[in-house]
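Source file query37.cif; content: mmCIF, C-alpha atoms.
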data_final
#
loop_
_atom_site.label_atom_id
_atom_site.label_comp_id
_atom_site.auth_asym_id
_atom_site.auth_seq_id
_atom_site.Cartn_x
_atom_site.Cartn_y
_atom_site.Cartn_z
CA MET A 1 -0.37 0.36 -8.25
CA ARG A 2 0.70 3.83 -7.27
CA VAL A 3 1.23 3.98 -3.56
CA LEU A 4 1.61 7.09 -1.42
CA THR A 5 2.77 7.04 2.18
CA ILE A 6 1.38 9.88 4.23
CA VAL A 7 3.64 10.85 7.11
CA PRO A 8 2.08 13.50 9.35
CA ALA A 9 4.89 15.30 11.13
CA TYR A 10 4.93 18.05 13.70
CA ASN A 11 8.38 19.02 14.94
CA GLU A 12 9.89 15.62 14.15
CA THR A 13 13.42 16.74 13.19
CA ALA A 14 14.89 14.00 15.34
CA THR A 15 13.12 11.12 13.59
CA ILE A 16 11.94 12.29 10.17
CA GLU A 17 15.08 11.27 8.30
CA PHE A 18 15.01 7.81 9.83
CA VAL A 19 11.30 7.36 9.05
CA VAL A 20 11.50 8.49 5.42
CA ASN A 21 14.64 6.46 4.68
CA ASP A 22 13.21 3.44 6.45
CA ILE A 23 10.14 3.53 4.18
CA LEU A 24 12.18 4.03 1.01
CA ASN A 25 14.54 1.19 1.97
CA LYS A 26 11.91 -1.35 2.90
CA VAL A 27 9.24 -0.70 0.27
CA ASN A 28 9.76 -0.62 -3.50
CA ASP A 29 8.04 1.87 -5.78
CA ILE A 30 6.58 4.05 -3.13
CA LYS A 31 6.19 7.78 -2.88
CA VAL A 32 6.59 9.41 0.50
CA CYS A 33 4.57 12.46 1.35
CA VAL A 34 5.50 14.28 4.54
CA VAL A 35 2.75 16.57 5.78
CA ASP A 36 4.51 19.16 7.86
CA ASP A 37 1.84 20.42 10.23
CA GLY A 38 3.26 23.87 10.83
CA SER A 39 6.51 22.65 12.43
CA ILE A 40 8.81 25.30 13.83
CA ASP A 41 11.93 23.14 13.48
CA ASP A 42 13.74 21.72 10.42
CA THR A 43 11.20 18.99 9.65
CA LYS A 44 10.29 20.57 6.33
CA ILE A 45 13.86 21.19 5.13
CA LYS A 46 14.99 17.72 6.11
CA ALA A 47 12.06 16.05 4.38
CA LEU A 48 12.68 18.06 1.21
CA LYS A 49 16.34 17.03 1.17
CA LEU A 50 15.32 13.37 1.34
CA GLY A 51 13.29 13.80 -1.82
CA ALA A 52 9.92 13.41 -0.18
CA VAL A 53 6.85 15.29 -1.35
CA VAL A 54 6.37 17.91 1.32
CA LEU A 55 3.03 19.51 2.02
CA SER A 56 3.44 22.25 4.55
CA HIS A 57 0.64 23.71 6.63
CA PRO A 58 1.06 27.44 7.33
CA PHE A 59 0.21 26.74 10.98
CA ASN A 60 -0.37 23.78 13.27
CA MET A 61 -3.81 22.23 12.88
CA GLY A 62 -3.48 18.81 14.46
CA ILE A 63 -2.83 15.34 13.13
CA GLY A 64 -6.32 14.92 11.69
CA ALA A 65 -5.92 17.90 9.38
CA ALA A 66 -2.42 16.73 8.41
CA VAL A 67 -3.53 13.26 7.37
CA GLN A 68 -6.47 14.79 5.51
CA THR A 69 -4.12 17.02 3.51
CA GLY A 70 -2.27 13.85 2.53
CA PHE A 71 -5.54 12.30 1.35
CA LEU A 72 -6.34 15.43 -0.67
CA TYR A 73 -2.95 15.09 -2.36
CA ALA A 74 -3.49 11.38 -3.00
CA LEU A 75 -6.90 12.09 -4.51
CA GLN A 76 -5.64 14.94 -6.71
CA ASN A 77 -2.73 12.89 -7.98
CA ASN A 78 -4.67 9.72 -8.58
CA PHE A 79 -2.94 7.36 -6.18
CA ASP A 80 -4.34 3.85 -5.83
CA VAL A 81 -3.31 3.32 -2.22
CA ALA A 82 -2.52 5.69 0.63
CA VAL A 83 -0.62 4.42 3.65
CA GLN A 84 -0.73 6.45 6.83
CA ILE A 85 2.30 6.06 9.10
CA ASP A 86 3.48 8.06 12.11
CA GLY A 87 6.40 10.44 11.85
CA ASP A 88 7.94 9.39 15.16
CA GLY A 89 9.30 6.05 13.98
CA GLN A 90 7.12 3.74 16.04
CA HIS A 91 5.69 1.96 12.98
CA ASP A 92 7.82 -0.47 11.02
CA PRO A 93 7.40 0.05 7.25
CA ALA A 94 8.25 -3.64 6.74
CA PHE A 95 4.52 -4.29 7.15
CA ILE A 96 3.52 -1.97 4.30
CA PRO A 97 3.93 -4.47 1.39
CA ASN A 98 1.56 -6.86 3.13
CA MET A 99 -0.99 -4.07 3.60
CA ILE A 100 -0.73 -3.12 -0.07
CA ASP A 101 -1.21 -6.77 -1.10
CA ILE A 102 -4.44 -7.05 0.84
CA ILE A 103 -5.79 -3.92 -0.85
CA GLN A 104 -4.58 -5.03 -4.27
CA GLN A 105 -6.38 -8.33 -3.87
CA ASN A 106 -9.54 -6.41 -2.97
CA LYS A 107 -9.85 -8.18 0.36
CA SER A 108 -10.56 -4.94 2.17
CA ASP A 109 -10.94 -1.21 1.59
CA VAL A 110 -8.81 -0.36 4.60
CA VAL A 111 -6.07 -2.30 6.38
CA SER A 112 -5.20 -1.27 9.91
CA GLY A 113 -2.12 -2.36 11.81
CA SER A 114 -2.95 -3.63 15.29
CA ARG A 115 -0.63 -4.03 18.24
CA PHE A 116 -3.07 -6.24 20.09
CA LEU A 117 -4.17 -8.75 17.48
CA GLU A 118 -1.53 -11.27 18.45
CA LYS A 119 -0.87 -12.11 22.06
CA GLY A 120 2.50 -11.44 23.56
CA GLY A 121 3.44 -8.67 21.17
CA TYR A 122 2.52 -5.89 23.51
CA LYS A 123 2.88 -5.58 27.24
CA SER A 124 0.98 -2.99 29.18
CA SER A 125 -0.18 -2.21 32.68
CA PHE A 126 -3.43 -3.51 34.16
CA PRO A 127 -5.42 -0.23 34.06
CA ARG A 128 -4.31 0.27 30.50
CA ARG A 129 -5.56 -3.18 29.58
CA ILE A 130 -8.95 -2.40 31.12
CA GLY A 131 -9.11 0.73 29.01
CA ILE A 132 -8.15 -1.20 25.89
CA THR A 133 -10.79 -3.88 26.51
CA PHE A 134 -13.41 -1.24 27.18
CA PHE A 135 -12.58 0.53 23.92
CA GLU A 136 -12.82 -2.73 22.08
CA LEU A 137 -16.35 -3.12 23.42
CA VAL A 138 -17.37 0.43 22.46
CA ASN A 139 -15.97 -0.05 18.99
CA ARG A 140 -17.74 -3.34 18.61
CA LEU A 141 -21.03 -1.65 19.47
CA LEU A 142 -20.45 1.28 17.12
CA THR A 143 -18.87 -0.45 14.15
CA GLY A 144 -20.32 -3.92 14.52
CA GLN A 145 -16.95 -5.57 14.16
CA ARG A 146 -14.05 -6.47 16.39
CA ILE A 147 -11.45 -3.74 16.28
CA THR A 148 -8.60 -4.49 18.65
CA ASP A 149 -6.52 -1.35 18.11
CA SER A 150 -8.78 1.55 17.24
CA THR A 151 -6.14 4.19 17.87
CA SER A 152 -3.67 2.76 15.40
CA GLY A 153 -2.18 5.39 13.11
CA PHE A 154 -0.70 2.78 10.79
CA ARG A 155 -3.21 2.10 8.03
CA ALA A 156 -3.59 1.58 4.31
CA PHE A 157 -6.54 2.91 2.30
CA ASN A 158 -7.82 2.13 -1.20
CA ARG A 159 -9.28 4.63 -3.67
CA ASN A 160 -12.80 4.51 -2.25
CA ALA A 161 -11.53 5.23 1.23
CA ILE A 162 -9.23 8.01 -0.02
CA ALA A 163 -12.10 9.72 -1.85
CA LEU A 164 -14.31 9.49 1.23
CA LEU A 165 -11.76 10.64 3.78
CA ALA A 166 -10.29 13.49 1.72
CA TYR A 167 -13.46 15.41 2.54
CA ASN A 168 -14.61 13.74 5.74
CA TYR A 169 -11.69 13.52 8.10
CA PRO A 170 -12.28 13.97 11.84
CA GLU A 171 -10.16 16.33 13.92
CA ASP A 172 -10.46 15.48 17.59
CA TYR A 173 -9.66 11.75 17.87
CA PRO A 174 -9.14 10.96 14.21
CA GLU A 175 -8.04 7.33 14.39
CA PRO A 176 -11.00 5.79 16.21
CA GLU A 177 -13.45 8.21 14.59
CA VAL A 178 -12.32 7.26 11.09
CA LEU A 179 -13.42 3.67 11.73
CA ILE A 180 -16.97 4.87 12.29
CA ILE A 181 -16.94 7.05 9.18
CA LEU A 182 -15.73 4.08 7.14
CA LYS A 183 -18.29 1.75 8.65
CA ARG A 184 -21.12 4.18 7.95
CA ALA A 185 -19.99 4.51 4.34
CA GLY A 186 -20.06 0.73 4.03
CA LEU A 187 -16.31 0.34 3.58
CA LYS A 188 -14.52 -2.71 4.90
CA VAL A 189 -11.79 -2.52 7.52
CA MET A 190 -9.40 -5.38 8.18
CA GLU A 191 -6.84 -5.55 10.95
CA ILE A 192 -3.45 -7.18 10.61
CA PRO A 193 -1.03 -7.76 13.45
CA VAL A 194 1.94 -5.43 13.55
CA VAL A 195 4.73 -4.98 16.03
CA MET A 196 5.29 -1.40 17.06
CA ARG A 197 8.60 -0.15 18.26
CA ALA A 198 8.78 1.21 21.76
CA ARG A 199 8.62 4.98 21.93
CA GLN A 200 12.04 6.50 21.57
CA GLY A 201 11.69 8.75 24.56
CA GLY A 202 9.22 10.32 26.97
CA GLN A 203 6.10 8.87 28.46
CA SER A 204 2.57 8.54 27.14
CA SER A 205 0.77 11.80 27.65
CA ILE A 206 -2.32 9.93 28.78
CA ARG A 207 -2.09 8.76 32.39
CA GLY A 208 -4.07 8.60 35.64
CA PHE A 209 -7.21 10.71 35.86
CA LYS A 210 -6.35 12.10 32.48
CA SER A 211 -6.90 8.68 30.96
CA PHE A 212 -10.42 8.52 32.38
CA HIS A 213 -11.14 12.01 31.10
CA TYR A 214 -9.68 10.98 27.75
CA MET A 215 -11.93 7.94 27.55
CA VAL A 216 -15.05 9.97 28.24
CA LYS A 217 -14.10 12.50 25.60
CA VAL A 218 -13.32 9.85 23.01
CA ILE A 219 -16.57 8.02 23.63
CA LEU A 220 -18.53 11.25 23.26
CA ALA A 221 -16.66 12.03 20.04
CA LEU A 222 -17.37 8.53 18.75
CA LEU A 223 -21.06 8.78 19.56
CA MET A 224 -21.31 12.14 17.85
CA GLN A 225 -19.40 10.85 14.86
CA SER A 226 -21.97 8.11 14.45
CA ILE A 227 -24.83 10.60 14.09
CA LYS A 228 -23.06 13.13 11.88
CA ARG A 229 -24.22 13.78 8.36
CA ARG A 230 -21.70 13.23 5.59
CA LYS A 231 -20.41 16.11 3.53
CA MET B 1 -43.22 59.92 30.54
CA LYS B 2 -41.33 58.84 33.63
CA PRO B 3 -37.60 59.61 33.80
CA ILE B 4 -36.79 55.90 33.61
CA GLN B 5 -38.73 55.65 30.38
CA ILE B 6 -36.78 58.54 28.89
CA ILE B 7 -33.47 56.96 29.95
CA ALA B 8 -34.51 53.58 28.56
CA LEU B 9 -35.60 55.12 25.30
CA LEU B 10 -32.36 57.09 24.93
CA ALA B 11 -30.27 53.98 25.70
CA SER B 12 -32.21 51.91 23.17
CA LEU B 13 -31.87 54.60 20.52
CA ALA B 14 -28.13 54.79 21.27
CA LEU B 15 -27.87 51.05 20.77
CA LEU B 16 -29.72 51.28 17.47
CA PHE B 17 -27.46 54.12 16.38
CA CYS B 18 -24.32 52.17 17.32
CA ILE B 19 -25.42 49.18 15.26
CA LEU B 20 -26.30 51.30 12.25
CA GLU B 21 -22.98 53.14 12.56
CA LEU B 22 -21.06 49.84 12.72
CA ILE B 23 -22.81 48.67 9.57
CA ARG B 24 -22.08 51.99 7.86
CA ARG B 25 -18.40 51.69 8.72
CA ARG B 26 -18.43 48.10 7.47
CA LYS B 27 -17.36 46.75 10.84
CA LEU B 28 -20.48 44.65 11.15
CA LYS B 29 -21.95 42.54 8.39
CA GLU B 30 -25.68 42.96 7.84
CA ARG B 31 -26.04 39.22 8.23
CA PHE B 32 -25.03 39.45 11.89
CA ALA B 33 -26.50 42.91 12.41
CA LEU B 34 -30.04 41.79 11.72
CA LEU B 35 -30.30 40.13 15.11
CA TRP B 36 -28.95 43.18 16.91
CA LEU B 37 -31.20 45.55 14.97
CA PHE B 38 -34.14 43.40 15.90
CA SER B 39 -33.24 43.48 19.59
CA ALA B 40 -32.76 47.25 19.49
CA VAL B 41 -36.22 47.68 18.01
CA ILE B 42 -37.71 45.42 20.70
CA LEU B 43 -36.00 47.51 23.38
CA ILE B 44 -37.45 50.68 21.90
CA VAL B 45 -40.93 49.15 21.96
CA PHE B 46 -40.44 48.20 25.62
CA SER B 47 -39.30 51.69 26.60
CA LEU B 48 -42.02 53.55 24.68
CA TRP B 49 -44.87 51.32 25.76
CA GLY B 50 -44.25 50.76 29.45
CA ARG B 51 -47.48 48.82 29.93
CA PHE B 52 -46.31 46.26 27.39
CA LEU B 53 -44.47 44.31 30.06
CA ASP B 54 -47.54 44.29 32.34
CA VAL B 55 -49.75 43.12 29.49
CA LEU B 56 -47.29 40.36 28.67
CA ALA B 57 -46.94 39.33 32.32
CA LYS B 58 -50.70 39.21 32.80
CA TRP B 59 -51.14 37.12 29.69
CA LEU B 60 -48.41 34.70 30.76
CA GLY B 61 -49.74 34.56 34.32
CA ILE B 62 -46.66 36.02 35.97
CA TYR B 63 -47.39 38.19 39.01
CA TYR B 64 -44.21 40.21 39.15
CA ALA B 65 -44.01 41.84 35.69
CA PRO B 66 -40.24 42.48 35.51
CA ALA B 67 -39.65 38.76 36.06
CA VAL B 68 -40.92 38.22 32.51
CA LEU B 69 -37.67 39.69 31.24
CA ILE B 70 -35.41 37.14 32.91
CA PRO B 71 -36.39 34.03 30.92
CA ILE B 72 -36.65 36.06 27.73
CA VAL B 73 -33.16 37.50 28.13
CA ILE B 74 -31.67 34.12 29.03
CA PHE B 75 -33.37 32.45 26.10
CA ILE B 76 -32.15 35.07 23.62
CA ALA B 77 -28.62 34.92 25.07
CA VAL B 78 -28.45 31.13 24.73
CA ILE B 79 -29.69 31.27 21.14
CA LEU B 80 -27.09 33.93 20.35
CA PHE B 81 -24.26 31.90 21.88
CA ILE B 82 -25.22 28.80 19.92
CA TYR B 83 -25.47 30.90 16.79
CA PHE B 84 -21.97 32.25 17.34
CA SER B 85 -20.58 28.77 18.05
CA VAL B 86 -22.00 27.66 14.72
CA ILE B 87 -20.33 30.59 12.99
CA VAL B 88 -16.99 29.89 14.72
CA SER B 89 -17.17 26.20 13.77
CA ASN B 90 -17.87 27.08 10.19
CA GLN B 91 -15.01 29.58 10.12
CA SER B 92 -12.53 27.07 11.53
CA GLU B 93 -13.61 24.56 8.89
CA LEU B 94 -13.03 27.17 6.19
CA ILE B 95 -9.65 28.17 7.62
CA LYS B 96 -8.56 24.53 7.64
CA ALA B 97 -9.61 24.07 4.02
CA LEU B 98 -7.70 27.24 3.09
CA ALA B 99 -4.54 26.16 4.88
CA GLN B 100 -4.68 22.74 3.19
CA LYS B 101 -5.14 24.38 -0.18
CA ILE B 102 -2.10 26.57 0.49
CA ALA B 103 -0.03 23.47 1.32
CA LEU B 104 -1.08 21.77 -1.92
CA LEU B 105 -0.57 24.91 -4.03
CA GLU B 106 2.85 25.53 -2.51
CA LYS B 107 3.86 22.03 -3.55
CA GLU B 108 2.53 22.59 -7.07
CA LEU B 109 4.32 25.93 -7.32
CA LYS B 110 7.57 24.33 -6.23
CA GLU B 111 7.14 21.64 -8.90
CA ILE B 112 6.58 24.23 -11.59
CA LYS B 113 9.57 26.26 -10.43
CA ASP B 114 11.78 23.17 -10.32
CA LYS B 115 10.70 22.18 -13.82
CA SER B 116 11.28 25.56 -15.38
CA GLY B 117 14.56 25.95 -13.51
CA LEU B 118 13.56 29.36 -12.22
CA GLU B 119 14.81 28.59 -8.77
CA LYS B 120 17.79 26.47 -7.92
CA HIS B 121 17.95 24.84 -4.53
#
Encoding of this model in structure tokens:
Amino acid sequence: MRVLTIVPAYNETATIEFVVNDILNKVNDIKVCVVDDGSIDDTKIKALKLGAVVLSHPFNMGIGAAVQTGFLYALQNNFDVAVQIDGDGQHDPAFIPNMIDIIQQNKSDVVSGSRFLEKGGYKSSFPRRIGITFFELVNRLLTGQRITDSTSGFRAFNRNAIALLAYNYPEDYPEPEVLIILKRAGLKVMEIPVVMRARQGGQSSIRGFKSFHYMVKVILALLMQSIKRRK
Amino acid sequence: MKPIQIIALLASLALLFCILELIRRRKLKERFALLWLFSAVILIVFSLWGRFLDVLAKWLGIYYAPAVLIPIVIFIAVILFIYFSVIVSNQSELIKALAQKIALLEKELKEIKDKSGLEKH
């Protein structure tokens, strides 16, 4: 099993070393590919020093394009599994071996880490919970299965999924949209519970009226994704 | 010919000339120019044959002939805008594919350089 971790990173100098080393320490026989999405800081240099494969976009194109570049690399270099993990350190690579196992045993084409699958792991405010429940409902309608954490950026993909997504990766709200693309291609998605670390600093960018606006935009994107023709 | 007809004709001819000149200087691709050439020709027809609008209005059942132009112009403008959005979307898709290819090629180039020892880091 050749496994590639795809780490999309945009100006992540502060965390990239930690993330790459964390993966290499906790998972055996794994290749780390940092997709530098046009960073203007030292992300690229740092990742190169750590011995990661670095794919560097000439300009910033968004996380969707970055993950897709990783898939293109995985496809070209014949990897069996691709694991997507955030560059900001919120995902714990300790869960990766379990994800790989599930794919190796052919139990699912895609494994997605969910914060909400087990109770008590994640605390959030009341309006946020309403939003989360609502999304769950929308996803259930569009994918026909229960997806508790559709915005998770911590996922493992098998060869079929890699081949599909290398040429069909969404740009606007890639994580939830991918689930629809997978579903429409008949690929199986399985969620496993993961614990995510609290964000190191700052606040979620999505709050107040913005969160309502965000929800409307995501739902529109999801609806459009479910009528799009495949490339 | 009324003065307005002469002005309209001259303006339409100027438009046609501009488009042809842009094509000649390779600033406008024929693919996009076709639409503009077509609209210039239509404008020339309108200015030469002033009764055309009245005939059209009568046929459509519109009392005030110039009002015919409003929906036509809006319709054409909307079609053009959608057409341009499609072109922009396509271009951004192509640019993304190019940038991704560059990222992959850069990595390959680095590998080759590292192997042949041409560049020491």
One-decimal distance in Å that lies between CA of Val81 (chain A) and CA of Ile16 (chain A):
21.6 Å
Contacts between chain B and chain A, please, where a residue of chain A counts if it comes within 6 Å (with all atoms listed in the file); show its shortest atom pair and distance in Å to one decimal, rows by chain and ascending number, as a Markdown table.
| residue | atom | partner | partner_atom | distance |
| --- | --- | --- | --- | --- |
| A:Leu55 | CA | B:Ala103 | CA | 5.1 |
| A:Ser56 | CA | B:Ala103 | CA | 4.9 |
| A:His57 | CA | B:Ala103 | CA | 5.4 |
| A:Thr69 | CA | B:Gln100 | CA | 5.8 |
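Going from CA of Ile96 (chain A) to CA of Ile23 (chain A) covers 8.6 Å.
Put simply, the PyMOL selection byres ((chain B and resi 37) around 12) in this file takes in B:Ser12, B:Leu13, B:Ala14, B:Leu15, B:Leu16, B:Phe17, B:Cys18, B:Ile19, B:Leu20, B:Glu21, B:Leu22, B:Ile23, B:Leu28, B:Lys29, B:Glu30, B:Arg31, B:Phe32, B:Ala33, B:Leu34, B:Leu35, B:Trp36, B:Phe38, B:Ser39, B:Ala40, B:Val41, B:Ile42, B:Leu43, B:Ile44.
You will find CA of Ala163 (chain A) at 8.8 Å from CA of Ala74 (chain A).
Of the listed residues A:Leu72, A:Ala9, A:Met190, A:Met224, the one whose atoms come nearest to Ala47 (chain A) is A:Ala9, with distances taken using all atoms listed in the file.
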7 Å contact set for region 173-183 of chain A, all atoms listed in the file, chain neighbours under 3 positions out, as a ChimeraX atom specification:
/A:64,142-143,150-153,169-170,186-188,218,222,225-226
Which is closest to Gln76 (chain A) among A:Arg128, A:Arg184, A:Arg159, A:Lys44, if we use only C-alpha atoms?
A:Arg159
Enumerate, as a PyMOL selection string, the residues matched when the PyMOL selection byres ((chain A and resi 22) around 12) is run on the file above.
chain A and resi 5+15-21+23-28+30+32+50+85+87-96
As JSON: centre and edge lengths in Å, one decimal, of the axis-aligned box holding region 8-12 of chain B with 8 Å per side:
{"center_x": -32.9, "center_y": 54.5, "center_z": 25.9, "size_x": 21.3, "size_y": 21.2, "size_z": 21.4}
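Nearest-residue note for Gln68 (chain A): choosing from A:Phe157, A:Phe212, A:Tyr167, A:Phe116, the minimum distance belongs to A:Tyr167, counting all atoms listed in the file.
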